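*Asks:* Please find one structure pasted underneath; my questions will follow.
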Protein chains: 2
Amino acid sequence: MNSELTQKLINMENAALDRWNNGDPTGFLEISADDVTYFDSATEQRVDGIKNLTKLYEERRGTVKVDMDEMINPIVNSTSEMAVLSFNLISHIGDKHTKWNCSEVYRLQQYGDWKIVQTHWSLVNTRTN
Amino acid sequence: MNSELTQKLINMENAALDRWNNGDPTGFLEISADDVTYFDSATEQRVDGIKNLTKLYEERRGTVKVDMDEMINPIVNSTSEMAVLSFNLISHIGDKHTKWNCSEVYRLQQYGDWKIVQTHWSLVNTRTN
């Protein structure tokens, strides 16, 4: 494992989450690549490309207010040009909490920055069958 | 995109799914790396490592019987040593169907084969908040 890259990606993720938790999706949009693909538990089908992801996120702007989140046991599995960060997350809103699974695939871009090419958020314990 | 790699990973995934749909998890175990991490909608926390994933899958051996599945719009985003395959999937059991999101991160191994380092399955339309 590359511990410097691990810390860098965790910091990027946390910075974007801090903005997200206050209703601002721009942090995630800024670190997502043009060809990003996206899943969450509310999307009927995968969302493809930054344009479509921007549209989805703008619909949610101002609607999220998370009081606090806990990123649990983040792990990065990396090669020189691509890395996957995965973690569990507990988000707290008042006295309610929600448990999430998250995987974020980052790719090294042409100018040396890392951007997300695949985001997958899902709710824990939702098996229905 | 590397169309040869894309087809290869889709074929690997479908071959493992065919076995999974008949109660046999070995196909996925054979193409998962030692340091694989795993999420699905029923796991309380991420499952880390092939040993723990084997334990989880062996508990499910023989319990799954999917009549047919449809892999929808698979996309591969790749670099030379890592790639992420993502797709929607509809699995049919009798007249019931279940919709899934799936992302699979594959890494090129030392001997030229590709193995999964991150699996994330989730159910579609399960938002509760």
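Order determines the names: the first chain of the structure tokens is A, the second B, and so forth; residues in each chain are numbered 1 upward, and ligands are numbered 1 upward as they are shown.
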What are the nearest atom pairs, with distances in Å to one decimal, for all residues of chain B that come at most 7 Å from chain A, using only C-alpha atoms, set out by chain and rising residue number as CSV?
*Replies:*
residue,atom,partner,partner_atom,distance
B:Phe39,CA,A:Asn101,CA,6.7
B:Ser41,CA,A:Val124,CA,5.3
B:Ala42,CA,A:Asn125,CA,4.8
B:Thr43,CA,A:Asn125,CA,6.6
B:Glu44,CA,A:Val124,CA,6.1
B:Gln45,CA,A:Asn88,CA,6.5
B:Arg46,CA,A:Asn88,CA,6.8
B:Thr79,CA,A:Glu81,CA,6.5
B:Glu81,CA,A:Thr79,CA,6.5
B:Met82,CA,A:Met82,CA,6.1
B:Asn88,CA,A:Gln45,CA,6.5
B:Asn101,CA,A:Phe39,CA,6.7
B:Ser122,CA,A:Ser122,CA,5.9
B:Leu123,CA,A:Ser41,CA,6.6
B:Val124,CA,A:Ser41,CA,5.3
B:Asn125,CA,A:Ala42,CA,4.8
B:Thr126,CA,A:Ser41,CA,5.5
B:Arg127,CA,A:Ala42,CA,5.5
*Asks:* Assign secondary structure with DSSP using the backbone only, and return the residues of chain A in strand (DSSP E) as a ChimeraX atom specification.
*Replies:* /A:32-39,47-48,68-78,82-93,96-108,114-123
*Asks:* Looking at only C-alpha atoms, which of A:Ile31, A:Gly112, A:Gly49, A:Asp69 is the one that sits closest to A:Ile90?
*Replies:*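 Of A:Ile31, A:Gly112, A:Gly49, A:Asp69, the one nearest A:Ile90, counting only C-alpha atoms, is A:Asp69.
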